[in-house]
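S.K.: This is the structure I have questions about; it appears just below.
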Amino acid sequence: MSRAMVPSQQKLAEKLTILNDRGRGMLTRIYNIKKIYSPNKKKMLTKTDSKPAFLSDKSLDSVFKYLHKKFPNIDNHAGALQVINNIKQDVVKSLSLYYFTFVDIMDFKDHVVDLLTTIDACQVHMDVTLNYDLTVNYLNLISTYVSLMILMSRVEDRRVVLSLYNVAYEYLNASSDPSFPRLGQMVIDYDIPLRKLSEEFVPHSRVVVPALLSLHKIYPKRNLPADQMRATGMLSLLAEPLKIMNVPNTDMVQCEYLSLDSMEKWIIFSMMLCHTYLQEAQLWDLWKTALQSGYIVQLCRDEVLHIHSYINTFFESLKGHNLHKRITEVKDLQHQALQSSPAIHRERRKFLRSALKELALIFTDQPGLLGPKGLYVFQALAVARDEIHWLLRHFDNPPSKKHTVKLSQEDFVDRQLPELLFNMEELKSLLRKYNQVVQRYFVQYLAGYDAVLLNQLIQEITNDSNLAHCPEDESVILSSLYNTIAGLSVKQVEANEVFDFRGVRLDWFRLQAYTSVSRAGLVLRDHQDLGKHLNMIVFHTKLVDYLDELINETGDLSIYCFYHQIFEHQFKQCMEFPAQHRFSIVFPIICGHFMNATHELCPEERHSIGTTSVQYAHWFLKEMSDEVNQVITAICEEQCMLNYKLLPKHSAASILQSSNKHKKNKDKKKQVGPEEEKPGTESVRKNRENFTRMDKLHMALTELCYAINHCNVIQVWEHGFVPREFFIQHLETRFNKALVGMMMYNPDTSEIAKPSELLSSVKAIMSVLQGLENYVQIDIARVFNSVLPQQTQATDSFNGEKTITANYTNWYLEVLLRRVTVNIGQIVYSPNHKAFVTVATDNNSKENLYLAAEEYADLTELRALAELIGPYGMRYLGERLMGHVASQVDELKKLVIQNKEVLFNMRTSFDKPEVMRDLFRRLGTGPVKQQGNTKNQVSDVDSVLMRMTIIGILLSFRSLAQDALLDVLEDRIPFLMASVQDLQHFVPNMKDTKYSHMKQQVVNEMASAAGLSCDIDPLLISALRSQKNEDGERKASTSSDTEVANESDYELACLLMVFVAVSIPTLAKKDVSVFKASLEGNLSNCHCLAKAVNQIAGALFTIHGPGDVSDRLQEFLALASSSLLRLGQSQEQEKETFKNRESVYILLDLIVQESPYLTMDLLESCFPYALLRNAYHTVYKASAVDI
């Protein structure tokens, strides 16, 4: 006697839930295995492992052929298999996941078959509009089961790999795996999966067919062309404005956002297995519509079926069923699908773009409508998601070439698809943003309407005369459902209480299973109002506690993870189409969906998919930032060109032209050329419709910045991407590179931009960048503070490249100042011009023809340089310059050492003219170092003067740069500069002279860094002190050159001053020593000796001596004046030789004026002022004659 089945004991709801989840996991695992072991696999984006090496070993080919031939009945003791014994451990370890995946599939198949049989035995009634969860889970299980079996049959070499594992397992454990016999039989049975499945589904058709028939109520309404969607006002809140506050009137709310792809899979797979029922009109209508909708059906991710060909192959294999008519029908449907479906879906996407945009705008303006009209969002997301899935799988899998239908690529290449994707994300973000609005609405709705109506329906069931007694299980569940929703309150939302209605939904699922079987105590078919209302309640509970999952269910785009080439193509296409620029941010946002594709049964792919999502998000944001930066660079170039036209040098032509207008033109026939376009004419508009290049650039910038500014953070896997920060980083790098690039520095030709022109361009760029704050929420001052200070250092921190400071320092020292020192008489330092001036002479070299020194080394240009590189950069310039000075001082010391004895005697005999004359003849006349032509050899006297002049030139440039820096800082920070000047003038006195000297040194360094002049330049002292330390280390480490090692630095400094003092008169012999009154300097730049003598003496005696700078300079003055006075006592012939002695007399006056230690009283005590007055009169008179 058979016992009746008790529905509550069959656990149908629980089994369906668990098996559906497990089926998705098994599909994921078999998908990965197929991708890894497929010989013709595409490049895997989610590759989790690699194929074992032994499967590609050519020496094992004979073994693999044997295993494939004998499968599944394999003799493990066969001689051909002995090779496996050597690699058995490696085989078992590498193939265990593969093997047990198939074992798990077999277990899954057994449970599915058992559950389907149980459902048949219970005679469950399926109706998607009534018992929604039961029907959907049942049909999902069937499609998952069919997809899994088909996918398993498409795994290459499954027989070989499974046999290989079993043989290795037996070698290792002395017995074969217990699952292998059944596993082998399953693989053979499902070699042609649909044949076996169709046999299995013969008894299941009694449940499957009614479930499919229930789809006839919803599938045709959902699968409408775009014209009908517009006509019916689908997804439009404005179609019925009077009902905009009302909840949509539908009794099958969850069916409204049911996936169209899923329904088509249910119809196609179920009808393939139950093809004998195609004679029924409604089923045939469903079948026909589904096959006309497309020609590709998804199995798992990017694994698809060319469904029409697959169906025909299956039908042709069924001999004796007389399916020729069906085969012909399928071919006709395939032709219709190829011909019409691409255009239908293209128009549908076009409709969805406008519909979703309208929804996004309305909900943004009135977020309160998300309560009553929230269903519209999920409908829109589901339809748009289905269309995107359709496009991806059909674009990636074109039909075979044997079809005569020609497909238009325009139907698949959708340039406006980013807008549709963006609107989807916009709707999802609105739902998440106004989550509490939706919660408040539906908590009140559940408690105030749903609970009341549910109570009425329960009372009707209780009072139903046809129902003798409501079963206990059903009664308990209904009471529990009512009590749960009736007790809800808005205060729970305000208190941020966490809701959890999973129990409510599972109870309703169980109740569907209890009331849908035959002979149920409470038959759901007889109480359809109750079923439909409970479906409504479940939807409302999802909006309260399951919103994120509901959003993922309807709007998940993780499929892009497996169509990465199309993903990249669509992004590049978006960046090429300016109208879609603002929607480009959607691509990195979609990368955050990728992890939704993972499953807990396949954890090994989580890392690879996560890494891929992060890499793509990074790439998308990088490309977007680069595109914005390119637009900004183009705008900056335009602005720099406009700014360049406004430079003062371009006004010369206009001034000349305007002056010529006032002159009478004698030649009236002479044609006047066209006037040059003046700055500002580019802004004149005759027609606003004519877009200039700048208009287009600003439009592109607006669109791109909208995308960058759209969202604060993009969550991708375990990372958070901040688009604005990404953009700022790339902007800083580009700005830093642009600053150096605008210098136009060419080391080969020594060409460089003027600092004033570079400063003008930098200001133009900064004004453009400041305007960015109008487009995107960034702090542009932060960019300036990050980039500009780096240009004050020698190298930047981005790539370690040379900066403006390094390049200008190198150019001024190695190009400009080198030409000043090498080309004597051509470039002169002019104190009254505050500049280095190129002097026009007959023998100017070619290299100076294009280099006007005053255009680079006057106070204006150096002020611009100081603004560009700041105090830090000017200090770096000074340090490099003082390094050159120190090297010259080192060479001077060597000359002093060579002439030490003579100089010592001259120091003590300066009041003996005859002795001094004899000693001077001996100066620099040591043994000739080079034999042969001595004509071009330079004497030591000339060498000393030349090197001191070079030092003077360098220090004059340093002084000019300091004046420029001081001007800039006094303009920028006047109050701070006043404090620095006050500190410099009033250094606090201390009793301890040592500490007082240290304090003075610190204050001097601060003052020097601020551009203030000091008696002795701290940088010069630092350079000479470091040189002294290096010399000391070198002398200590080497024992050679003992003579140099024993020299006293102080004595050398004294003798150096003697050497310079007695050498000065020789300047009068040289033509280039002539003093030019217009320049207030000598052509040979020997007037720079004044600064050199005072600074070098001050620095050397501060470092080496007891601080007797004043005494030593007085000694220098006595030696120099006595030497110069002897020029006046020379004979007439010698006077002609010393023809520029007046110019040299003036040098003595300049030395005293420059010195903080010497006074005019001291000068007059040793040199008659009348000579100075006459010298000035003579040189100024001569200069007037030259003019």
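In the structure tokens, chains take the letters A, B, ... in the order shown, each chain's residues start at 1, and ligands count up from 1 in the order shown.
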Can you list every residue of segment 797-843 of chain A that has an atom at most 8 Å from segment 854-863 of chain A, with its nearest atom pair and the distance in Å to one decimal, using only C-alpha atoms, ordered by chain then number, as a tab-separated table?
M.R.:
```
residue	atom	partner	partner_atom	distance
A:His833	CA	A:Asp858	CA	7.7
A:Lys834	CA	A:Asp858	CA	6.0
A:Ala835	CA	A:Asp858	CA	4.0
A:Phe836	CA	A:Glu854	CA	5.4
A:Val837	CA	A:Glu854	CA	4.9
A:Thr838	CA	A:Glu854	CA	6.8
```
S.K.: For all heavy atoms, I'd like the residues from the last selection saved as an mmCIF file, in the first residue's frame.
M.R.:
```
data_model
loop_
_atom_site.group_PDB
_atom_site.id
_atom_site.type_symbol
_atom_site.label_atom_id
_atom_site.label_comp_id
_atom_site.auth_asym_id
_atom_site.auth_seq_id
_atom_site.Cartn_x
_atom_site.Cartn_y
_atom_site.Cartn_z
ATOM 1 N N HIS A 833 73.309 100.034 -16.871
ATOM 2 C CA HIS A 833 72.203 99.336 -17.561
ATOM 3 C C HIS A 833 71.642 98.195 -16.739
ATOM 4 O O HIS A 833 70.580 97.662 -17.069
ATOM 5 C CB HIS A 833 72.691 98.784 -18.903
ATOM 6 C CG HIS A 833 72.931 99.833 -19.932
ATOM 7 N ND1 HIS A 833 73.397 99.545 -21.192
ATOM 8 C CD2 HIS A 833 72.762 101.188 -19.902
ATOM 9 C CE1 HIS A 833 73.521 100.662 -21.884
ATOM 10 N NE2 HIS A 833 73.136 101.675 -21.111
ATOM 11 N N LYS A 834 72.379 97.799 -15.694
ATOM 12 C CA LYS A 834 72.013 96.621 -14.905
ATOM 13 C C LYS A 834 71.816 95.419 -15.818
ATOM 14 O O LYS A 834 70.797 94.715 -15.761
ATOM 15 C CB LYS A 834 70.720 96.887 -14.115
ATOM 16 C CG LYS A 834 70.875 97.828 -12.942
ATOM 17 C CD LYS A 834 71.533 97.140 -11.763
ATOM 18 C CE LYS A 834 71.575 98.027 -10.531
ATOM 19 N NZ LYS A 834 72.253 97.359 -9.404
ATOM 20 N N ALA A 835 72.788 95.193 -16.676
ATOM 21 C CA ALA A 835 72.656 94.109 -17.645
ATOM 22 C C ALA A 835 74.015 93.807 -18.259
ATOM 23 O O ALA A 835 74.948 94.609 -18.184
ATOM 24 C CB ALA A 835 71.666 94.489 -18.737
ATOM 25 N N PHE A 836 74.089 92.616 -18.847
ATOM 26 C CA PHE A 836 75.203 92.287 -19.726
ATOM 27 C C PHE A 836 74.806 92.721 -21.125
ATOM 28 O O PHE A 836 73.724 92.352 -21.610
ATOM 29 C CB PHE A 836 75.509 90.792 -19.688
ATOM 30 C CG PHE A 836 76.250 90.359 -18.454
ATOM 31 C CD1 PHE A 836 75.578 90.083 -17.271
ATOM 32 C CD2 PHE A 836 77.630 90.246 -18.472
ATOM 33 C CE1 PHE A 836 76.259 89.684 -16.144
ATOM 34 C CE2 PHE A 836 78.323 89.850 -17.349
ATOM 35 C CZ PHE A 836 77.646 89.580 -16.171
ATOM 36 N N VAL A 837 75.665 93.497 -21.775
ATOM 37 C CA VAL A 837 75.312 94.118 -23.053
ATOM 38 C C VAL A 837 76.252 93.611 -24.133
ATOM 39 O O VAL A 837 77.473 93.549 -23.933
ATOM 40 C CB VAL A 837 75.396 95.654 -22.957
ATOM 41 C CG1 VAL A 837 75.023 96.295 -24.285
ATOM 42 C CG2 VAL A 837 74.516 96.179 -21.829
ATOM 43 N N THR A 838 75.674 93.243 -25.279
ATOM 44 C CA THR A 838 76.479 92.862 -26.434
ATOM 45 C C THR A 838 76.925 94.134 -27.158
ATOM 46 O O THR A 838 76.095 94.962 -27.546
ATOM 47 C CB THR A 838 75.671 91.970 -27.389
ATOM 48 O OG1 THR A 838 75.265 90.805 -26.688
ATOM 49 C CG2 THR A 838 76.509 91.560 -28.588
#
```
S.K.: So the first atom is atom CA of Val493 of chain A and the second is atom CA of Arg440 of chain A; what is the distance between them in Å, to one decimal place?
M.R.: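 Those two atoms sit 6.3 Å apart.
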S.K.: Can you work out the spacing between atom CA of Ser198 of chain A and atom CA of Leu273 of chain A in Å, to one decimal?
M.R.: 4.4 Å
S.K.: Considering only alpha helix (DSSP H) as DSSP defines it on the backbone, what residues of segment 134-239 of chain A qualify? List them as a ChimeraX atom specification.
M.R.: /A:134-153,158-173,180-189,193-200,205-214,219-222,226-231
S.K.: Quick one: everything within 10 Å of Pro342 of chain A, counting only C-alpha atoms, minus sequence neighbours fewer than 4 positions away in the same chain. Send it as a list in words.
M.R.: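 Result of the neighbour search: Ser293, Gly294, Ala337, Leu338, Arg346, Glu347, Arg348, Trp390, Leu391, His394, Phe395, Leu407, Ser408, Gln409, Glu410, Asp411 and Phe412 of chain A.
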S.K.: So which residues touch Tyr295 of chain A within 9 Å, counting only C-alpha atoms, skipping near sequence neighbours fewer than 6 positions away, as a PDB file with N, CA and C atoms, in the first residue's frame?
M.R.:
```
ATOM      1  N   LEU A 305      25.318  29.189 -27.725  1.00  0.00           N
ATOM      2  CA  LEU A 305      24.864  28.254 -28.758  1.00  0.00           C
ATOM      3  C   LEU A 305      24.322  29.035 -29.942  1.00  0.00           C
ATOM      4  N   HIS A 306      24.698  28.624 -31.156  1.00  0.00           N
ATOM      5  CA  HIS A 306      23.985  29.079 -32.352  1.00  0.00           C
ATOM      6  C   HIS A 306      22.722  28.217 -32.396  1.00  0.00           C
ATOM      7  N   ILE A 307      21.687  28.731 -31.787  1.00  0.00           N
ATOM      8  CA  ILE A 307      20.580  27.890 -31.344  1.00  0.00           C
ATOM      9  C   ILE A 307      19.839  27.196 -32.488  1.00  0.00           C
ATOM     10  N   HIS A 308      19.643  27.893 -33.607  1.00  0.00           N
ATOM     11  CA  HIS A 308      18.876  27.278 -34.698  1.00  0.00           C
ATOM     12  C   HIS A 308      19.624  26.073 -35.276  1.00  0.00           C
ATOM     13  N   SER A 309      20.914  26.244 -35.489  1.00  0.00           N
ATOM     14  CA  SER A 309      21.713  25.130 -36.018  1.00  0.00           C
ATOM     15  C   SER A 309      21.748  23.981 -35.020  1.00  0.00           C
ATOM     16  N   GLN A 334      15.167  30.984 -38.352  1.00  0.00           N
ATOM     17  CA  GLN A 334      16.554  31.468 -38.330  1.00  0.00           C
ATOM     18  C   GLN A 334      16.737  32.582 -39.357  1.00  0.00           C
ATOM     19  N   ALA A 337      15.150  35.644 -38.002  1.00  0.00           N
ATOM     20  CA  ALA A 337      15.953  36.223 -36.918  1.00  0.00           C
ATOM     21  C   ALA A 337      17.144  36.990 -37.476  1.00  0.00           C
ATOM     22  N   LEU A 338      17.829  36.399 -38.453  1.00  0.00           N
ATOM     23  CA  LEU A 338      18.984  37.078 -39.057  1.00  0.00           C
ATOM     24  C   LEU A 338      18.559  38.347 -39.780  1.00  0.00           C
ATOM     25  N   SER A 341      15.903  40.694 -36.506  1.00  0.00           N
ATOM     26  CA  SER A 341      16.179  40.924 -35.075  1.00  0.00           C
ATOM     27  C   SER A 341      17.228  42.016 -34.831  1.00  0.00           C
ATOM     28  N   HIS A 394      25.645  38.619 -29.639  1.00  0.00           N
ATOM     29  CA  HIS A 394      25.449  38.560 -31.090  1.00  0.00           C
ATOM     30  C   HIS A 394      26.588  39.249 -31.839  1.00  0.00           C
ATOM     31  N   PRO A 399      26.976  35.016 -37.379  1.00  0.00           N
ATOM     32  CA  PRO A 399      26.488  33.756 -37.967  1.00  0.00           C
ATOM     33  C   PRO A 399      27.483  33.208 -38.984  1.00  0.00           C
TER      34      PRO A 399
END
```
S.K.: Mind giving me the straight-line distance from atom CA of Ala1061 of chain A to atom CA of Asn832 of chain A in Å, one decimal?
M.R.: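 Answer for the atom CA of Ala1061 of chain A to atom CA of Asn832 of chain A separation: 25.9 Å.
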S.K.: For Thr908 of chain A, work out the shell of residues within 12 Å, counting only C-alpha atoms and skipping chain neighbours fewer than 3 positions away, then give it as a count of residues only.
M.R.: 17
S.K.: When you look at Cys1166 of chain A with a cut-off of 8 Å (counting only C-alpha atoms), what residues show up, excluding the ones that are within fewer than 3 positions of it in the same chain? I need them as a PyMOL selection string.
M.R.: chain A and resi 1117-1118+1121-1122+1162-1163
S.K.: Ile585 of chain A: which residues within 9 Å, counting only C-alpha atoms, same-chain residues fewer than 6 positions away excluded, as a PyMOL selection string?
M.R.: chain A and resi 422+620-621+624+704+706-708+710-711+723
S.K.: Nearest residue to Thr1178 of chain A out of A:Leu1158, A:Ile1146, A:Met882, A:Leu759, using only C-alpha atoms?
M.R.: A:Ile1146
S.K.: Could you tell me which of A:Asn1174, A:Lys350, A:Val787, A:Gln512 comes closest to Arg525 of chain A if we count only C-alpha atoms?
M.R.: A:Gln512
S.K.: Which is closer to His650 of chain A than all the others in A:Gly448, A:Leu381, A:Lys678, A:Leu1024, using only C-alpha atoms?
M.R.: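 Ranked by minimum distance to His650 of chain A, first place goes to A:Lys678.
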